[in-house]
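Data block for final39.cif (mmCIF, N, CA and C atoms and all ligand atoms):
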data_upload
#
loop_
_atom_site.label_atom_id
_atom_site.label_comp_id
_atom_site.auth_asym_id
_atom_site.auth_seq_id
_atom_site.Cartn_x
_atom_site.Cartn_y
_atom_site.Cartn_z
N MET A 1 211.12 107.30 37.87
CA MET A 1 212.58 107.32 38.05
C MET A 1 212.91 107.44 39.53
N LYS A 2 212.25 108.41 40.19
CA LYS A 2 212.50 108.63 41.61
C LYS A 2 212.15 107.37 42.42
N LYS A 3 211.07 106.74 42.00
CA LYS A 3 210.61 105.54 42.67
C LYS A 3 211.67 104.43 42.56
N ILE A 4 212.22 104.29 41.36
CA ILE A 4 213.25 103.26 41.13
C ILE A 4 214.46 103.52 42.01
N LEU A 5 214.86 104.80 42.09
CA LEU A 5 216.01 105.18 42.89
C LEU A 5 215.78 104.84 44.36
N ILE A 6 214.59 105.19 44.86
CA ILE A 6 214.24 104.90 46.26
C ILE A 6 214.28 103.39 46.50
N MET A 7 213.75 102.64 45.53
CA MET A 7 213.76 101.18 45.65
C MET A 7 215.18 100.65 45.74
N MET A 8 216.06 101.21 44.88
CA MET A 8 217.45 100.76 44.86
C MET A 8 218.16 101.08 46.18
N VAL A 9 217.90 102.27 46.71
CA VAL A 9 218.50 102.68 47.98
C VAL A 9 218.02 101.74 49.09
N THR A 10 216.72 101.47 49.09
CA THR A 10 216.14 100.55 50.07
C THR A 10 216.80 99.18 49.96
N LEU A 11 216.99 98.75 48.73
CA LEU A 11 217.61 97.45 48.46
C LEU A 11 219.03 97.42 49.02
N LEU A 12 219.78 98.51 48.78
CA LEU A 12 221.17 98.57 49.25
C LEU A 12 221.23 98.56 50.78
N ILE A 13 220.35 99.35 51.40
CA ILE A 13 220.29 99.36 52.86
C ILE A 13 219.93 97.96 53.35
N GLY A 14 218.98 97.36 52.65
CA GLY A 14 218.55 96.00 52.98
C GLY A 14 219.71 95.03 52.96
N VAL A 15 220.53 95.11 51.92
CA VAL A 15 221.70 94.23 51.80
C VAL A 15 222.67 94.53 52.93
N GLY A 16 222.85 95.82 53.23
CA GLY A 16 223.76 96.23 54.30
C GLY A 16 223.36 95.64 55.64
N ILE A 17 222.09 95.75 55.96
CA ILE A 17 221.59 95.21 57.24
C ILE A 17 221.71 93.70 57.25
N HIS A 18 221.34 93.11 56.12
CA HIS A 18 221.38 91.67 55.97
C HIS A 18 222.80 91.15 56.20
N ALA A 19 223.77 91.88 55.63
CA ALA A 19 225.16 91.45 55.69
C ALA A 19 225.70 91.45 57.12
N GLN A 20 225.15 92.32 57.96
CA GLN A 20 225.67 92.43 59.32
C GLN A 20 225.48 91.14 60.12
N GLY A 21 224.46 90.37 59.77
CA GLY A 21 224.20 89.14 60.51
C GLY A 21 225.06 87.98 60.04
N PHE A 22 225.76 88.14 58.94
CA PHE A 22 226.53 87.04 58.38
C PHE A 22 228.02 87.37 58.32
N SER A 23 228.82 86.34 58.37
CA SER A 23 230.27 86.55 58.38
C SER A 23 230.89 86.52 56.99
N TYR A 24 230.20 85.88 56.05
CA TYR A 24 230.79 85.71 54.72
C TYR A 24 229.80 85.99 53.60
N LEU A 25 230.38 86.43 52.48
CA LEU A 25 229.62 86.52 51.24
C LEU A 25 230.24 85.48 50.31
N ARG A 26 229.40 84.56 49.81
CA ARG A 26 229.92 83.48 48.97
C ARG A 26 229.49 83.66 47.53
N PHE A 27 230.40 83.27 46.62
CA PHE A 27 230.13 83.40 45.19
C PHE A 27 230.13 82.02 44.57
N ASN A 28 229.04 81.68 43.93
CA ASN A 28 228.93 80.37 43.30
C ASN A 28 229.14 80.51 41.80
N SER A 29 230.11 79.76 41.29
CA SER A 29 230.32 79.81 39.84
C SER A 29 230.07 78.45 39.19
N GLY A 30 229.14 77.72 39.75
CA GLY A 30 228.70 76.49 39.11
C GLY A 30 229.49 75.26 39.51
N ALA A 31 228.86 74.11 39.40
CA ALA A 31 229.48 72.81 39.66
C ALA A 31 230.24 72.74 40.99
N GLY A 32 229.66 73.33 42.00
CA GLY A 32 230.26 73.23 43.34
C GLY A 32 231.46 74.12 43.57
N SER A 33 231.75 74.98 42.62
CA SER A 33 232.90 75.87 42.80
C SER A 33 232.44 77.16 43.47
N GLU A 34 232.98 77.41 44.65
CA GLU A 34 232.60 78.62 45.36
C GLU A 34 233.81 79.33 45.94
N GLN A 35 233.71 80.63 45.96
CA GLN A 35 234.73 81.44 46.62
C GLN A 35 234.01 82.23 47.68
N CYS A 36 234.71 82.65 48.71
CA CYS A 36 234.04 83.47 49.69
C CYS A 36 234.95 84.54 50.25
N VAL A 37 234.35 85.63 50.68
CA VAL A 37 235.09 86.70 51.34
C VAL A 37 234.36 87.05 52.63
N SER A 38 235.10 87.55 53.56
CA SER A 38 234.53 87.98 54.83
C SER A 38 233.70 89.25 54.60
N THR A 39 232.62 89.42 55.34
CA THR A 39 231.81 90.63 55.19
C THR A 39 232.41 91.77 56.01
N ASP A 40 233.48 91.49 56.74
CA ASP A 40 234.15 92.50 57.55
C ASP A 40 234.87 93.50 56.66
N GLY A 41 234.34 94.70 56.56
CA GLY A 41 234.94 95.73 55.71
C GLY A 41 234.75 95.45 54.23
N LEU A 42 233.71 94.72 53.91
CA LEU A 42 233.48 94.28 52.53
C LEU A 42 233.19 95.45 51.58
N LYS A 43 233.88 95.40 50.44
CA LYS A 43 233.69 96.39 49.40
C LYS A 43 233.64 95.65 48.07
N ILE A 44 232.63 95.96 47.26
CA ILE A 44 232.51 95.27 45.97
C ILE A 44 232.60 96.28 44.83
N VAL A 45 233.45 95.99 43.87
CA VAL A 45 233.52 96.82 42.67
C VAL A 45 233.41 95.93 41.44
N PHE A 46 232.89 96.51 40.37
CA PHE A 46 232.81 95.79 39.11
C PHE A 46 233.84 96.39 38.18
N ASN A 47 234.68 95.53 37.64
CA ASN A 47 235.76 96.02 36.81
C ASN A 47 235.99 95.07 35.64
N ASN A 48 235.82 95.58 34.43
CA ASN A 48 236.16 94.80 33.24
C ASN A 48 235.44 93.45 33.17
N GLY A 49 234.15 93.46 33.50
CA GLY A 49 233.39 92.22 33.45
C GLY A 49 233.64 91.29 34.62
N LYS A 50 234.35 91.81 35.62
CA LYS A 50 234.63 90.98 36.80
C LYS A 50 234.12 91.66 38.06
N LEU A 51 233.72 90.84 39.01
CA LEU A 51 233.34 91.36 40.30
C LEU A 51 234.55 91.19 41.22
N VAL A 52 234.97 92.30 41.82
CA VAL A 52 236.11 92.23 42.73
C VAL A 52 235.62 92.58 44.13
N ALA A 53 235.64 91.60 45.02
CA ALA A 53 235.20 91.81 46.39
C ALA A 53 236.42 91.87 47.30
N THR A 54 236.53 92.96 48.03
CA THR A 54 237.66 93.13 48.94
C THR A 54 237.13 93.26 50.36
N SER A 55 237.72 92.54 51.28
CA SER A 55 237.32 92.67 52.68
C SER A 55 238.57 92.79 53.54
N ASN A 56 238.40 92.90 54.84
CA ASN A 56 239.55 93.08 55.72
C ASN A 56 240.46 91.87 55.77
N ASP A 57 239.94 90.70 55.42
CA ASP A 57 240.85 89.55 55.42
C ASP A 57 240.80 88.74 54.13
N GLY A 58 241.01 89.43 53.03
CA GLY A 58 241.12 88.72 51.76
C GLY A 58 240.25 89.32 50.67
N ASN A 59 240.38 88.74 49.50
CA ASN A 59 239.56 89.22 48.40
C ASN A 59 239.24 88.10 47.43
N ALA A 60 238.28 88.36 46.55
CA ALA A 60 237.90 87.39 45.54
C ALA A 60 237.60 88.11 44.25
N THR A 61 238.01 87.52 43.14
CA THR A 61 237.71 88.08 41.82
C THR A 61 236.96 87.02 41.03
N ILE A 62 235.78 87.38 40.59
CA ILE A 62 234.96 86.42 39.88
C ILE A 62 234.51 87.02 38.55
N ALA A 63 234.73 86.32 37.47
CA ALA A 63 234.22 86.78 36.17
C ALA A 63 232.71 86.72 36.21
N LEU A 64 232.06 87.82 35.84
CA LEU A 64 230.60 87.86 35.91
C LEU A 64 229.98 86.80 35.00
N SER A 65 230.64 86.50 33.90
CA SER A 65 230.10 85.49 32.98
C SER A 65 230.13 84.10 33.60
N ALA A 66 231.01 83.90 34.59
CA ALA A 66 231.12 82.57 35.20
C ALA A 66 230.30 82.45 36.48
N MET A 67 229.79 83.59 36.97
CA MET A 67 229.11 83.55 38.27
C MET A 67 227.64 83.16 38.14
N ASN A 68 227.22 82.23 38.97
CA ASN A 68 225.81 81.84 39.00
C ASN A 68 225.03 82.75 39.94
N PHE A 69 225.47 82.79 41.19
CA PHE A 69 224.80 83.61 42.19
C PHE A 69 225.74 83.85 43.35
N MET A 70 225.36 84.82 44.21
CA MET A 70 226.13 85.04 45.43
C MET A 70 225.17 85.10 46.59
N TYR A 71 225.63 84.74 47.79
CA TYR A 71 224.75 84.74 48.95
C TYR A 71 225.56 84.93 50.23
N PHE A 72 224.87 85.40 51.25
CA PHE A 72 225.52 85.57 52.55
C PHE A 72 225.45 84.27 53.32
N SER A 73 226.50 84.00 54.07
CA SER A 73 226.57 82.75 54.82
C SER A 73 227.46 82.93 56.04
N ASN A 74 227.31 82.05 56.99
CA ASN A 74 228.23 82.05 58.12
C ASN A 74 229.34 81.04 57.92
N GLU A 75 229.30 80.37 56.78
CA GLU A 75 230.30 79.37 56.48
C GLU A 75 231.43 79.96 55.64
N GLY A 76 232.64 79.81 56.11
CA GLY A 76 233.79 80.30 55.36
C GLY A 76 234.43 79.20 54.54
N GLY A 77 235.59 79.48 54.01
CA GLY A 77 236.32 78.47 53.25
C GLY A 77 235.88 78.40 51.81
N SER A 78 236.78 78.05 50.95
CA SER A 78 236.48 77.96 49.53
C SER A 78 236.45 76.52 49.08
N SER A 79 235.58 76.22 48.15
CA SER A 79 235.62 74.91 47.52
C SER A 79 235.95 75.13 46.06
N GLN A 80 237.19 74.98 45.75
CA GLN A 80 237.66 75.24 44.40
C GLN A 80 237.49 74.00 43.51
N VAL A 81 237.33 74.24 42.23
CA VAL A 81 237.29 73.11 41.30
C VAL A 81 238.69 72.56 41.14
N LEU A 82 238.77 71.31 40.75
CA LEU A 82 240.06 70.67 40.48
C LEU A 82 240.79 71.42 39.39
N ARG A 83 242.09 71.57 39.55
CA ARG A 83 242.87 72.22 38.50
C ARG A 83 242.84 71.35 37.25
N GLY A 84 242.40 71.91 36.16
CA GLY A 84 242.33 71.16 34.90
C GLY A 84 240.93 70.65 34.59
N ASP A 85 240.02 70.77 35.57
CA ASP A 85 238.65 70.31 35.34
C ASP A 85 237.87 71.41 34.62
N VAL A 86 238.17 71.54 33.32
CA VAL A 86 237.62 72.64 32.52
C VAL A 86 236.09 72.53 32.37
N ASN A 87 235.58 71.31 32.23
CA ASN A 87 234.13 71.15 32.07
C ASN A 87 233.42 70.94 33.41
N ARG A 88 234.17 71.07 34.49
CA ARG A 88 233.63 71.03 35.85
C ARG A 88 232.78 69.80 36.15
N ASP A 89 233.29 68.63 35.77
CA ASP A 89 232.53 67.41 36.08
C ASP A 89 233.19 66.61 37.21
N GLY A 90 234.21 67.22 37.84
CA GLY A 90 234.85 66.56 38.97
C GLY A 90 236.01 65.66 38.60
N LYS A 91 236.23 65.47 37.29
CA LYS A 91 237.36 64.64 36.83
C LYS A 91 238.24 65.44 35.88
N VAL A 92 239.50 65.09 35.83
CA VAL A 92 240.39 65.74 34.87
C VAL A 92 240.81 64.70 33.84
N ASN A 93 240.30 64.83 32.63
CA ASN A 93 240.63 63.86 31.58
C ASN A 93 240.54 64.51 30.19
N VAL A 94 240.53 63.67 29.17
CA VAL A 94 240.57 64.17 27.79
C VAL A 94 239.33 65.02 27.43
N SER A 95 238.21 64.81 28.12
CA SER A 95 237.02 65.65 27.86
C SER A 95 237.31 67.11 28.17
N ASP A 96 238.22 67.32 29.13
CA ASP A 96 238.56 68.69 29.49
C ASP A 96 239.41 69.35 28.40
N VAL A 97 240.22 68.52 27.72
CA VAL A 97 241.01 69.04 26.60
C VAL A 97 240.05 69.50 25.50
N THR A 98 239.07 68.65 25.21
CA THR A 98 238.06 68.99 24.20
C THR A 98 237.32 70.27 24.59
N ALA A 99 236.90 70.34 25.86
CA ALA A 99 236.19 71.53 26.34
C ALA A 99 237.05 72.78 26.21
N LEU A 100 238.32 72.65 26.58
CA LEU A 100 239.23 73.80 26.51
C LEU A 100 239.42 74.27 25.07
N ILE A 101 239.62 73.31 24.15
CA ILE A 101 239.79 73.66 22.74
C ILE A 101 238.52 74.35 22.22
N ASN A 102 237.36 73.83 22.62
CA ASN A 102 236.11 74.45 22.19
C ASN A 102 235.93 75.86 22.75
N MET A 103 236.44 76.09 23.95
CA MET A 103 236.40 77.44 24.52
C MET A 103 237.30 78.37 23.72
N ILE A 104 238.49 77.88 23.38
CA ILE A 104 239.44 78.70 22.61
C ILE A 104 238.86 79.01 21.22
N LEU A 105 238.19 78.02 20.62
CA LEU A 105 237.60 78.20 19.29
C LEU A 105 236.31 79.01 19.34
N GLY A 106 235.79 79.25 20.55
CA GLY A 106 234.56 80.02 20.68
C GLY A 106 233.30 79.18 20.55
N ASN A 107 233.45 77.86 20.51
CA ASN A 107 232.28 76.98 20.42
C ASN A 107 231.61 76.77 21.77
N LEU A 108 232.35 77.12 22.82
CA LEU A 108 231.85 76.93 24.18
C LEU A 108 232.10 78.23 24.94
N THR A 109 231.22 78.59 25.86
CA THR A 109 231.40 79.81 26.63
C THR A 109 232.70 79.75 27.43
N MET A 110 233.50 80.79 27.27
CA MET A 110 234.79 80.84 27.94
C MET A 110 234.61 80.92 29.46
N ASP A 111 235.32 80.09 30.16
CA ASP A 111 235.28 80.07 31.63
C ASP A 111 236.72 80.29 32.10
N GLN A 112 237.11 81.56 32.15
CA GLN A 112 238.50 81.95 32.48
C GLN A 112 239.03 81.27 33.73
N GLU A 113 238.16 81.15 34.73
CA GLU A 113 238.60 80.62 36.02
C GLU A 113 239.20 79.22 35.89
N VAL A 114 238.62 78.40 35.04
CA VAL A 114 239.14 77.04 34.89
C VAL A 114 240.00 76.86 33.63
N ALA A 115 239.80 77.76 32.65
CA ALA A 115 240.49 77.58 31.36
C ALA A 115 241.90 78.13 31.35
N ASN A 116 242.14 79.17 32.14
CA ASN A 116 243.47 79.76 32.15
C ASN A 116 244.36 78.97 33.12
N LEU A 117 244.94 77.90 32.61
CA LEU A 117 245.65 76.96 33.48
C LEU A 117 247.08 77.34 33.80
N ASN A 118 247.71 78.12 32.92
CA ASN A 118 249.11 78.46 33.19
C ASN A 118 249.25 79.80 33.90
N GLY A 119 248.11 80.42 34.25
CA GLY A 119 248.16 81.60 35.10
C GLY A 119 248.53 82.91 34.43
N ASP A 120 248.67 82.93 33.10
CA ASP A 120 248.86 84.23 32.46
C ASP A 120 247.46 84.83 32.23
N ASP A 121 247.36 85.90 31.47
CA ASP A 121 246.05 86.52 31.32
C ASP A 121 245.29 86.05 30.09
N LYS A 122 245.87 85.08 29.37
CA LYS A 122 245.24 84.64 28.13
C LYS A 122 244.83 83.18 28.21
N VAL A 123 243.85 82.81 27.40
CA VAL A 123 243.51 81.40 27.26
C VAL A 123 243.84 81.03 25.83
N ASN A 124 244.87 80.20 25.66
CA ASN A 124 245.29 79.82 24.31
C ASN A 124 245.91 78.42 24.34
N VAL A 125 246.61 78.09 23.28
CA VAL A 125 247.15 76.74 23.12
C VAL A 125 248.13 76.35 24.25
N SER A 126 248.76 77.35 24.87
CA SER A 126 249.67 77.05 25.99
C SER A 126 248.90 76.40 27.14
N ASP A 127 247.63 76.81 27.30
CA ASP A 127 246.82 76.22 28.37
C ASP A 127 246.44 74.78 28.03
N VAL A 128 246.30 74.50 26.72
CA VAL A 128 246.03 73.12 26.29
C VAL A 128 247.24 72.26 26.65
N THR A 129 248.43 72.77 26.36
CA THR A 129 249.67 72.07 26.70
C THR A 129 249.74 71.82 28.20
N THR A 130 249.44 72.86 28.98
CA THR A 130 249.46 72.73 30.45
C THR A 130 248.47 71.65 30.89
N LEU A 131 247.27 71.68 30.31
CA LEU A 131 246.24 70.70 30.68
C LEU A 131 246.69 69.28 30.37
N ILE A 132 247.28 69.08 29.18
CA ILE A 132 247.76 67.74 28.81
C ILE A 132 248.85 67.29 29.81
N ASN A 133 249.71 68.22 30.18
CA ASN A 133 250.75 67.89 31.17
C ASN A 133 250.16 67.52 32.53
N ILE A 134 249.04 68.18 32.89
CA ILE A 134 248.36 67.84 34.14
C ILE A 134 247.79 66.41 34.05
N ILE A 135 247.13 66.13 32.91
CA ILE A 135 246.53 64.81 32.71
C ILE A 135 247.60 63.71 32.72
N LEU A 136 248.74 64.00 32.08
CA LEU A 136 249.83 63.02 32.02
C LEU A 136 250.60 62.91 33.33
N GLY A 137 250.28 63.82 34.26
CA GLY A 137 250.94 63.78 35.55
C GLY A 137 252.33 64.40 35.55
N ILE A 138 252.65 65.12 34.46
CA ILE A 138 253.97 65.77 34.37
C ILE A 138 254.02 66.96 35.33
N ILE A 139 252.91 67.69 35.40
CA ILE A 139 252.79 68.75 36.40
C ILE A 139 251.51 68.52 37.20
N SER A 140 251.40 69.17 38.35
CA SER A 140 250.18 68.98 39.14
C SER A 140 249.38 70.26 39.19
CA CA B 201 236.43 67.40 33.71
CA CA B 202 246.79 80.98 29.88
#
Rewrite the structure of this file - the entire thing - as structure tokens.
Ligand SMILES: [Ca+2]
Ligand SMILES: [Ca+2]
Amino acid sequence: MKKILIMMVTLLIGVGIHAQGFSYLRFNSGAGSEQCVSTDGLKIVFNNGKLVATSNDGNATIALSAMNFMYFSNEGGSSQVLRGDVNRDGKVNVSDVTALINMILGNLTMDQEVANLNGDDKVNVSDVTTLINIILGIIS
């Protein structure tokens, strides 16, 4: 037990030292979607299945279920997925409607970041309506 604790402390110090050489911590959530926060004053908390990273110039919230990996980098800027690209293939079309419905039905792993299109806290039929409106060009 003591050994594990020492290892964890060493690991944390290691991350701390490592972070000093880099300007950003980046979070990859698959298919080229990345968010990043500055390592300046960086603080990370886990809350309700989400990782919340707060720094001196911004913050990022990533659902742990959607996150692939995170890494330190000197490159800033975010590369967000297209709004409505639920299956993250770079296009917004009827396949995304199918993917969204399957997420709502539980047939597909829920990806809140892309599925919650109308910005409330739920993923439901209203998001399907929003997605169809995006595809039809009624909203952007
Ligand atoms: Ca798509
Ligand atoms: Ca919603």
Report as a tab-separated table: every residue of chain A with an atom at most 6 Å from ligand CA 202 (chain B), its closest pair of atoms, and their distance in Å to one decimal, counting only N, CA and C atoms and all ligand atoms, with rows sorted by chain and ascending residue number.
residue	atom	partner	partner_atom	distance
A:Ala115	C	B:CA202	CA	5.8
A:Asn116	CA	B:CA202	CA	4.2
A:Leu117	N	B:CA202	CA	4.5
A:Asn118	N	B:CA202	CA	4.3
A:Gly119	N	B:CA202	CA	4.6
A:Asp120	N	B:CA202	CA	4.2
A:Asp121	N	B:CA202	CA	5.2
A:Lys122	C	B:CA202	CA	3.4
A:Val123	CA	B:CA202	CA	4.2
A:Asn124	N	B:CA202	CA	4.7
A:Ser126	C	B:CA202	CA	5.7
A:Asp127	N	B:CA202	CA	5.0
Could you please extract the residues within 8 Å of ligand CA 201 (chain B), counting only N, CA and C atoms and all ligand atoms, and hand them back as a ChimeraX atom specification? /A:84-97
Mind dumping the selected residues with N, CA and C atoms as a compact mmCIF listing (two decimals), in the coordinates of the input?
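Okay, this is what ended up in selection03.txt:
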# COMPACT_ATOMS: atom_id res chain seq x y z
N GLY A 84 242.40 71.91 36.16
CA GLY A 84 242.33 71.16 34.90
C GLY A 84 240.93 70.65 34.59
N ASP A 85 240.02 70.77 35.57
CA ASP A 85 238.65 70.31 35.34
C ASP A 85 237.87 71.41 34.62
N VAL A 86 238.17 71.54 33.32
CA VAL A 86 237.62 72.64 32.52
C VAL A 86 236.09 72.53 32.37
N ASN A 87 235.58 71.31 32.23
CA ASN A 87 234.13 71.15 32.07
C ASN A 87 233.42 70.94 33.41
N ARG A 88 234.17 71.07 34.49
CA ARG A 88 233.63 71.03 35.85
C ARG A 88 232.78 69.80 36.15
N ASP A 89 233.29 68.63 35.77
CA ASP A 89 232.53 67.41 36.08
C ASP A 89 233.19 66.61 37.21
N GLY A 90 234.21 67.22 37.84
CA GLY A 90 234.85 66.56 38.97
C GLY A 90 236.01 65.66 38.60
N LYS A 91 236.23 65.47 37.29
CA LYS A 91 237.36 64.64 36.83
C LYS A 91 238.24 65.44 35.88
N VAL A 92 239.50 65.09 35.83
CA VAL A 92 240.39 65.74 34.87
C VAL A 92 240.81 64.70 33.84
N ASN A 93 240.30 64.83 32.63
CA ASN A 93 240.63 63.86 31.58
C ASN A 93 240.54 64.51 30.19
N VAL A 94 240.53 63.67 29.17
CA VAL A 94 240.57 64.17 27.79
C VAL A 94 239.33 65.02 27.43
N SER A 95 238.21 64.81 28.12
CA SER A 95 237.02 65.65 27.86
C SER A 95 237.31 67.11 28.17
N ASP A 96 238.22 67.32 29.13
CA ASP A 96 238.56 68.69 29.49
C ASP A 96 239.41 69.35 28.40
N VAL A 97 240.22 68.52 27.72
CA VAL A 97 241.01 69.04 26.60
C VAL A 97 240.05 69.50 25.50
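Reported to one decimal place, the separation of atom CA of A:Glu75 from atom C of A:Leu51 is 19.8 Å.
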Taking the chain letters and numbering used in this document, name the residues of stretch 11-107 of chain A that DSSP puts in strand (DSSP E or B), as an MDAnalysis selection string. chainID A and resid 24:28 34:38 43:47 50:55 58:63 69:73 79
In the coordinate frame of the file, compute which residues have an atom within 10 Å of (235.4, 95.4, 54.9) when using only C-alpha atoms, and state them as a ChimeraX atom specification. /A:37-44,53-59
Take the residues that were just selected and, keeping N, CA and C atoms, output them as an mmCIF file, in the frame of the given file.
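Listing of part.cif after writing:
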data_model
loop_
_atom_site.group_PDB
_atom_site.id
_atom_site.type_symbol
_atom_site.label_atom_id
_atom_site.label_comp_id
_atom_site.auth_asym_id
_atom_site.auth_seq_id
_atom_site.Cartn_x
_atom_site.Cartn_y
_atom_site.Cartn_z
ATOM 1 N N VAL A 37 234.350 85.630 50.680
ATOM 2 C CA VAL A 37 235.090 86.700 51.340
ATOM 3 C C VAL A 37 234.360 87.050 52.630
ATOM 4 N N SER A 38 235.100 87.550 53.560
ATOM 5 C CA SER A 38 234.530 87.980 54.830
ATOM 6 C C SER A 38 233.700 89.250 54.600
ATOM 7 N N THR A 39 232.620 89.420 55.340
ATOM 8 C CA THR A 39 231.810 90.630 55.190
ATOM 9 C C THR A 39 232.410 91.770 56.010
ATOM 10 N N ASP A 40 233.480 91.490 56.740
ATOM 11 C CA ASP A 40 234.150 92.500 57.550
ATOM 12 C C ASP A 40 234.870 93.500 56.660
ATOM 13 N N GLY A 41 234.340 94.700 56.560
ATOM 14 C CA GLY A 41 234.940 95.730 55.710
ATOM 15 C C GLY A 41 234.750 95.450 54.230
ATOM 16 N N LEU A 42 233.710 94.720 53.910
ATOM 17 C CA LEU A 42 233.480 94.280 52.530
ATOM 18 C C LEU A 42 233.190 95.450 51.580
ATOM 19 N N LYS A 43 233.880 95.400 50.440
ATOM 20 C CA LYS A 43 233.690 96.390 49.400
ATOM 21 C C LYS A 43 233.640 95.650 48.070
ATOM 22 N N ILE A 44 232.630 95.960 47.260
ATOM 23 C CA ILE A 44 232.510 95.270 45.970
ATOM 24 C C ILE A 44 232.600 96.280 44.830
ATOM 25 N N ALA A 53 235.640 91.600 45.020
ATOM 26 C CA ALA A 53 235.200 91.810 46.390
ATOM 27 C C ALA A 53 236.420 91.870 47.300
ATOM 28 N N THR A 54 236.530 92.960 48.030
ATOM 29 C CA THR A 54 237.660 93.130 48.940
ATOM 30 C C THR A 54 237.130 93.260 50.360
ATOM 31 N N SER A 55 237.720 92.540 51.280
ATOM 32 C CA SER A 55 237.320 92.670 52.680
ATOM 33 C C SER A 55 238.570 92.790 53.540
ATOM 34 N N ASN A 56 238.400 92.900 54.840
ATOM 35 C CA ASN A 56 239.550 93.080 55.720
ATOM 36 C C ASN A 56 240.460 91.870 55.770
ATOM 37 N N ASP A 57 239.940 90.700 55.420
ATOM 38 C CA ASP A 57 240.850 89.550 55.420
ATOM 39 C C ASP A 57 240.800 88.740 54.130
ATOM 40 N N GLY A 58 241.010 89.430 53.030
ATOM 41 C CA GLY A 58 241.120 88.720 51.760
ATOM 42 C C GLY A 58 240.250 89.320 50.670
ATOM 43 N N ASN A 59 240.380 88.740 49.500
ATOM 44 C CA ASN A 59 239.560 89.220 48.400
ATOM 45 C C ASN A 59 239.240 88.100 47.430
#
Those in stretch 17-99 of chain A with alpha helix (DSSP H) from DSSP, as an MDAnalysis selection string: chainID A and resid 17:20 94:99
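The spacing separating atom N of A:Ser140 from atom C of A:Arg83 amounts to 8.9 Å.
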Which of these residues is nearest to A:Ser65, using only N, CA and C atoms: A:Val125, A:Ile101, A:Ile138, A:Asp111? A:Asp111
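Nearest residue to A:Met110 among A:Asn74, A:Ala66, A:Phe22, A:Gln35 is A:Ala66, counting only C-alpha atoms.
The gap separating atom CA of A:Asn102 from atom CA of A:Arg26 is 28.9 Å, in Å to one decimal.
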